[in-house]
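Each remark here refers to the structure printed beneath this line.
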Amino acid sequence: MKADAIKLDGKAAGSVELNDEIFGLEPRKDILHRVVRWQRNKAMAGTHDVLGRSEVSYSTKKIYRQKGTGGARHGSRGAPIFRSGGVYKGPTPRSHAHELTKKFRKLGLKHALSAKVAAGELVIIDDINVTDTKTSALAKQVGALGWKRALIIDGAEVSADFKKAAANITTLNVLPSQGANVYDILKSDTLVLTKAGVEALEARLS
């Protein structure tokens, strides 16, 4: 599959051959859903915690005598039945991560890239080397290209000048090829790949 490439100023920059096994698949929502769920669960902090019966601050003395009060028998004010008592089987710190094979994660990334191609939301750019590192200059170029909430994926390393210029543009997210992931790709309105990024992704996923 061939795709036209452009430069940052919008001018044509030839074309790129895209691997059909990576960019030409029929996107499957079930695969994408499983990979995104794996990503989001892995990212969860899991720091939720409540005080149990043994952790609340109360005296351990029996609150009143066992018999003769006409009420129910109780031994501790820290029981879950009382106000400010311990929580029964409440959440404790834990990891929400679950296993997903490397092979399946690769497949998910292929389907995410193919989904962007199918939706017409993939842009191939020659490179992202800039001579002017001012944010205003880059923002003007991005506005002229019509990119909204764009994810730019470069080769092994992102140009330091471009990263500096893009740092304060909230609608731009820039990643090296190794950082490419299903969630960020699907969340973006426009996926922008440099020619170096295409080569790196194809080498990674082949």
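To be explicit about the labels: the chains of the structure tokens are called A, B, and onward in the order shown, and within each one the residues are counted from 1, while ligands get numbers from 1 in the order they are shown.
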
Distance query A:Val198 at most 10 Å, only C-alpha atoms, self and fewer than 6 positions along chain excluded, as a ChimeraX atom specification: /A:16-19,124-125,153-155,177,192,204

How about saving the chosen residues, N, CA and C atoms kept, as a compact mmCIF listing (two decimals), in the first residue's frame?
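The resulting file, result_13.txt, is shown below:
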```txt
# COMPACT_ATOMS: atom_id res chain seq x y z
N VAL A 16 5.38 6.81 0.42
CA VAL A 16 5.97 5.77 1.26
C VAL A 16 5.20 4.47 1.05
N GLU A 17 5.91 3.38 1.00
CA GLU A 17 5.28 2.07 0.88
C GLU A 17 4.98 1.53 2.28
N LEU A 18 3.72 1.27 2.56
CA LEU A 18 3.32 0.77 3.88
C LEU A 18 3.05 -0.73 3.81
N ASN A 19 3.51 -1.45 4.82
CA ASN A 19 3.34 -2.89 4.89
C ASN A 19 1.87 -3.23 5.15
N ILE A 124 1.54 10.84 6.79
CA ILE A 124 2.97 10.53 6.73
C ILE A 124 3.72 11.82 6.46
N ILE A 125 4.72 12.09 7.28
CA ILE A 125 5.50 13.32 7.13
C ILE A 125 6.97 12.97 6.90
N ILE A 153 4.59 10.28 15.89
CA ILE A 153 5.54 9.20 16.23
C ILE A 153 6.74 9.30 15.30
N ASP A 154 7.91 9.49 15.92
CA ASP A 154 9.16 9.63 15.16
C ASP A 154 9.92 8.30 15.20
N GLY A 155 11.18 8.33 14.83
CA GLY A 155 12.01 7.13 14.83
C GLY A 155 12.46 6.74 16.23
N SER A 177 9.34 5.85 18.42
CA SER A 177 8.64 4.66 17.91
C SER A 177 8.45 3.61 19.00
N VAL A 192 0.28 11.01 13.14
CA VAL A 192 1.32 11.50 12.22
C VAL A 192 2.56 10.64 12.40
N ARG A 204 9.78 -3.14 14.20
CA ARG A 204 9.33 -3.60 15.52
C ARG A 204 8.22 -4.63 15.41
```

So which residues touch A:Ile169 within 9 Å, counting only C-alpha atoms, skipping near sequence neighbours fewer than 3 positions away, as a JSON list (two decimals) with N, CA and C atoms, in the first residue's frame?
```json
[["chain", "number", "residue", "atom", "x", "y", "z"],
["A", 135, "THR", "N", 7.70, 27.93, 19.89],
["A", 135, "THR", "CA", 6.41, 27.24, 19.94],
["A", 135, "THR", "C", 5.40, 27.89, 19.01],
["A", 136, "SER", "N", 5.42, 29.22, 18.95],
["A", 136, "SER", "CA", 4.45, 29.95, 18.13],
["A", 136, "SER", "C", 4.58, 29.59, 16.65],
["A", 138, "LEU", "N", 5.75, 26.71, 15.38],
["A", 138, "LEU", "CA", 5.25, 25.35, 15.17],
["A", 138, "LEU", "C", 3.73, 25.31, 15.27],
["A", 139, "ALA", "N", 3.18, 26.05, 16.23],
["A", 139, "ALA", "CA", 1.72, 26.08, 16.40],
["A", 139, "ALA", "C", 1.04, 26.61, 15.13],
["A", 165, "ALA", "N", 9.95, 22.71, 20.90],
["A", 165, "ALA", "CA", 8.94, 23.58, 20.29],
["A", 165, "ALA", "C", 7.52, 23.09, 20.57],
["A", 166, "ALA", "N", 7.35, 21.75, 20.68],
["A", 166, "ALA", "CA", 6.01, 21.18, 20.86],
["A", 166, "ALA", "C", 5.59, 21.06, 22.32],
["A", 172, "LEU", "N", -0.67, 18.55, 20.83],
["A", 172, "LEU", "CA", 0.35, 17.69, 20.24],
["A", 172, "LEU", "C", 0.93, 16.75, 21.29],
["A", 173, "ASN", "N", 1.06, 15.49, 20.91],
["A", 173, "ASN", "CA", 1.74, 14.50, 21.75],
["A", 173, "ASN", "C", 2.81, 13.87, 20.88]]
```

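With only C-alpha atoms as the atoms that count, the residue of A:Asp132, A:Ser95, A:Ser206, A:Lys140 with the shortest distance to A:Arg40 is A:Ser95.
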
Skipping near chain neighbours, those fewer than 2 positions away, what residues fall within 12 Å of A:Leu201 using only C-alpha atoms, listed as an NGL selection string? :A and (18-19 or 21-23 or 106 or 109-110 or 113 or 153-156 or 176-181 or 193-199 or 203-206)

Next, write the just-selected residues to a file, as a compact mmCIF listing (two decimals), in the first residue's frame, keeping N, CA, C and O atoms as the atom set.
```
# COMPACT_ATOMS: atom_id res chain seq x y z
N LEU A 18 3.72 1.27 2.56
CA LEU A 18 3.32 0.77 3.88
C LEU A 18 3.05 -0.73 3.81
O LEU A 18 2.43 -1.23 2.86
N ASN A 19 3.51 -1.45 4.82
CA ASN A 19 3.34 -2.89 4.89
C ASN A 19 1.87 -3.23 5.15
O ASN A 19 1.29 -2.82 6.16
N GLU A 21 0.55 -5.95 6.10
CA GLU A 21 0.36 -6.79 7.27
C GLU A 21 0.31 -5.98 8.56
O GLU A 21 -0.04 -6.48 9.62
N ILE A 22 0.70 -4.70 8.47
CA ILE A 22 0.69 -3.82 9.63
C ILE A 22 -0.35 -2.70 9.48
O ILE A 22 -1.07 -2.38 10.43
N PHE A 23 -0.45 -2.16 8.28
CA PHE A 23 -1.33 -1.01 8.04
C PHE A 23 -2.59 -1.37 7.24
O PHE A 23 -3.46 -0.52 7.08
N LYS A 106 1.41 -6.91 20.21
CA LYS A 106 1.86 -6.51 18.87
C LYS A 106 0.69 -6.49 17.89
O LYS A 106 0.56 -5.59 17.08
N LEU A 109 -1.37 -3.41 18.34
CA LEU A 109 -0.75 -2.23 17.75
C LEU A 109 -0.95 -2.20 16.23
O LEU A 109 -1.21 -1.15 15.64
N LYS A 110 -0.87 -3.36 15.60
CA LYS A 110 -1.11 -3.45 14.16
C LYS A 110 -2.55 -3.03 13.83
O LYS A 110 -2.79 -2.29 12.88
N LEU A 113 -3.00 0.79 14.16
CA LEU A 113 -2.46 1.50 13.00
C LEU A 113 -3.38 1.33 11.79
O LEU A 113 -3.64 2.28 11.05
N ILE A 153 4.59 10.28 15.89
CA ILE A 153 5.54 9.20 16.23
C ILE A 153 6.74 9.30 15.30
O ILE A 153 6.61 9.22 14.08
N ASP A 154 7.91 9.49 15.92
CA ASP A 154 9.16 9.63 15.16
C ASP A 154 9.92 8.30 15.20
O ASP A 154 9.37 7.28 15.62
N GLY A 155 11.18 8.33 14.83
CA GLY A 155 12.01 7.13 14.83
C GLY A 155 12.46 6.74 16.23
O GLY A 155 11.73 6.90 17.21
N ALA A 156 13.69 6.24 16.34
CA ALA A 156 14.21 5.79 17.64
C ALA A 156 14.28 6.93 18.65
O ALA A 156 14.04 6.73 19.84
N PRO A 176 8.66 8.63 20.66
CA PRO A 176 9.55 7.84 19.81
C PRO A 176 8.83 6.56 19.40
O PRO A 176 7.80 6.20 20.00
N SER A 177 9.34 5.85 18.42
CA SER A 177 8.64 4.66 17.91
C SER A 177 8.45 3.61 19.00
O SER A 177 7.44 2.90 19.02
N GLN A 178 9.39 3.52 19.93
CA GLN A 178 9.30 2.51 20.98
C GLN A 178 8.17 2.83 21.95
O GLN A 178 7.65 1.94 22.63
N GLY A 179 7.75 4.09 22.01
CA GLY A 179 6.67 4.48 22.92
C GLY A 179 5.29 4.37 22.29
O GLY A 179 4.28 4.65 22.96
N ALA A 180 5.22 4.00 21.02
CA ALA A 180 3.91 3.88 20.34
C ALA A 180 3.05 2.85 21.05
O ALA A 180 3.49 1.74 21.34
N ASN A 181 1.80 3.22 21.35
CA ASN A 181 0.91 2.31 22.06
C ASN A 181 -0.52 2.50 21.57
O ASN A 181 -0.89 3.53 21.02
N LEU A 193 2.97 9.98 11.34
CA LEU A 193 4.19 9.16 11.38
C LEU A 193 5.25 9.79 10.49
O LEU A 193 4.98 10.15 9.34
N THR A 194 6.46 9.90 11.01
CA THR A 194 7.57 10.32 10.15
C THR A 194 8.01 9.11 9.33
O THR A 194 7.67 7.97 9.67
N LYS A 195 8.79 9.36 8.28
CA LYS A 195 9.29 8.22 7.49
C LYS A 195 10.16 7.31 8.35
O LYS A 195 10.10 6.08 8.24
N ALA A 196 10.94 7.92 9.25
CA ALA A 196 11.76 7.14 10.18
C ALA A 196 10.87 6.34 11.14
O ALA A 196 11.19 5.20 11.50
N GLY A 197 9.75 6.95 11.53
CA GLY A 197 8.81 6.28 12.41
C GLY A 197 8.16 5.06 11.75
O GLY A 197 7.97 4.03 12.39
N VAL A 198 7.83 5.19 10.47
CA VAL A 198 7.25 4.07 9.72
C VAL A 198 8.24 2.91 9.67
O VAL A 198 7.88 1.75 9.94
N GLU A 199 9.50 3.21 9.34
CA GLU A 199 10.53 2.17 9.26
C GLU A 199 10.71 1.48 10.62
O GLU A 199 10.81 0.25 10.70
N ALA A 203 9.86 -2.42 11.55
CA ALA A 203 10.92 -3.30 12.07
C ALA A 203 10.48 -3.92 13.40
O ALA A 203 10.76 -5.09 13.68
N ARG A 204 9.78 -3.14 14.20
CA ARG A 204 9.33 -3.60 15.52
C ARG A 204 8.22 -4.63 15.41
O ARG A 204 8.16 -5.59 16.21
N LEU A 205 7.33 -4.49 14.44
CA LEU A 205 6.15 -5.33 14.36
C LEU A 205 6.24 -6.47 13.35
O LEU A 205 5.35 -7.30 13.28
N SER A 206 7.29 -6.49 12.56
CA SER A 206 7.43 -7.55 11.54
C SER A 206 7.77 -8.89 12.20
O SER A 206 8.46 -8.92 13.20
```

Selection: 12 Å around A:Thr92, only C-alpha atoms, excl. self and same-chain fewer than 3 positions, as a list in words: Ala45, Gly46, Thr47, His48, Asp49, Val50, Leu51, Gly52, Val87, Tyr88, Lys89, Ser95 and His96 of chain A

Please save N, CA and C atoms of the selected residues as a PDB file, in the first residue's frame.
```
ATOM      1  N   ALA A  45      -3.055   3.164  39.763  1.00  0.00           N
ATOM      2  CA  ALA A  45      -2.166   3.204  40.935  1.00  0.00           C
ATOM      3  C   ALA A  45      -2.497   2.100  41.935  1.00  0.00           C
ATOM      4  N   GLY A  46      -3.774   1.805  42.098  1.00  0.00           N
ATOM      5  CA  GLY A  46      -4.168   0.750  43.032  1.00  0.00           C
ATOM      6  C   GLY A  46      -3.871   1.096  44.485  1.00  0.00           C
ATOM      7  N   THR A  47      -3.902   2.394  44.835  1.00  0.00           N
ATOM      8  CA  THR A  47      -3.561   2.816  46.193  1.00  0.00           C
ATOM      9  C   THR A  47      -4.785   2.986  47.090  1.00  0.00           C
ATOM     10  N   HIS A  48      -5.950   2.581  46.606  1.00  0.00           N
ATOM     11  CA  HIS A  48      -7.174   2.708  47.408  1.00  0.00           C
ATOM     12  C   HIS A  48      -7.052   1.866  48.694  1.00  0.00           C
ATOM     13  N   ASP A  49      -7.481   2.440  49.813  1.00  0.00           N
ATOM     14  CA  ASP A  49      -7.320   1.741  51.078  1.00  0.00           C
ATOM     15  C   ASP A  49      -8.347   2.268  52.089  1.00  0.00           C
ATOM     16  N   VAL A  50      -8.831   1.398  52.946  1.00  0.00           N
ATOM     17  CA  VAL A  50      -9.726   1.798  54.036  1.00  0.00           C
ATOM     18  C   VAL A  50      -9.235   1.126  55.323  1.00  0.00           C
ATOM     19  N   LEU A  51      -9.686   1.627  56.464  1.00  0.00           N
ATOM     20  CA  LEU A  51      -9.304   1.047  57.745  1.00  0.00           C
ATOM     21  C   LEU A  51     -10.225  -0.128  58.082  1.00  0.00           C
ATOM     22  N   GLY A  52      -9.615  -1.242  58.399  1.00  0.00           N
ATOM     23  CA  GLY A  52     -10.377  -2.403  58.828  1.00  0.00           C
ATOM     24  C   GLY A  52     -10.631  -2.359  60.331  1.00  0.00           C
ATOM     25  N   VAL A  87     -14.136  -0.902  58.256  1.00  0.00           N
ATOM     26  CA  VAL A  87     -14.901  -1.303  57.066  1.00  0.00           C
ATOM     27  C   VAL A  87     -14.700  -2.797  56.826  1.00  0.00           C
ATOM     28  N   TYR A  88     -15.803  -3.490  56.557  1.00  0.00           N
ATOM     29  CA  TYR A  88     -15.736  -4.932  56.329  1.00  0.00           C
ATOM     30  C   TYR A  88     -15.396  -5.225  54.864  1.00  0.00           C
ATOM     31  N   LYS A  89     -14.321  -5.925  54.667  1.00  0.00           N
ATOM     32  CA  LYS A  89     -13.857  -6.329  53.328  1.00  0.00           C
ATOM     33  C   LYS A  89     -13.743  -5.140  52.366  1.00  0.00           C
ATOM     34  N   SER A  95      -2.351  -4.357  42.856  1.00  0.00           N
ATOM     35  CA  SER A  95      -2.093  -4.084  41.449  1.00  0.00           C
ATOM     36  C   SER A  95      -3.292  -4.552  40.620  1.00  0.00           C
ATOM     37  N   HIS A  96      -3.728  -3.721  39.683  1.00  0.00           N
ATOM     38  CA  HIS A  96      -4.843  -4.092  38.800  1.00  0.00           C
ATOM     39  C   HIS A  96      -4.348  -4.729  37.500  1.00  0.00           C
TER      40      HIS A  96
END
```

Looking only at alpha helix (DSSP H) from DSSP on the backbone, list the matching residues of chain A as a PyMOL selection string. chain A and resi 20-23+29-43+102-118+135-145+160-166+182-187+195-205

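Distance annotation: of A:Met1, A:Gln66, A:Ala112, A:Leu100, the residue with the minimal separation from A:Asp20 is A:Met1; atom set is only C-alpha atoms.
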
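The space separating atom CA of A:Ala160 from atom CA of A:Val174 comes to 10.9 Å.
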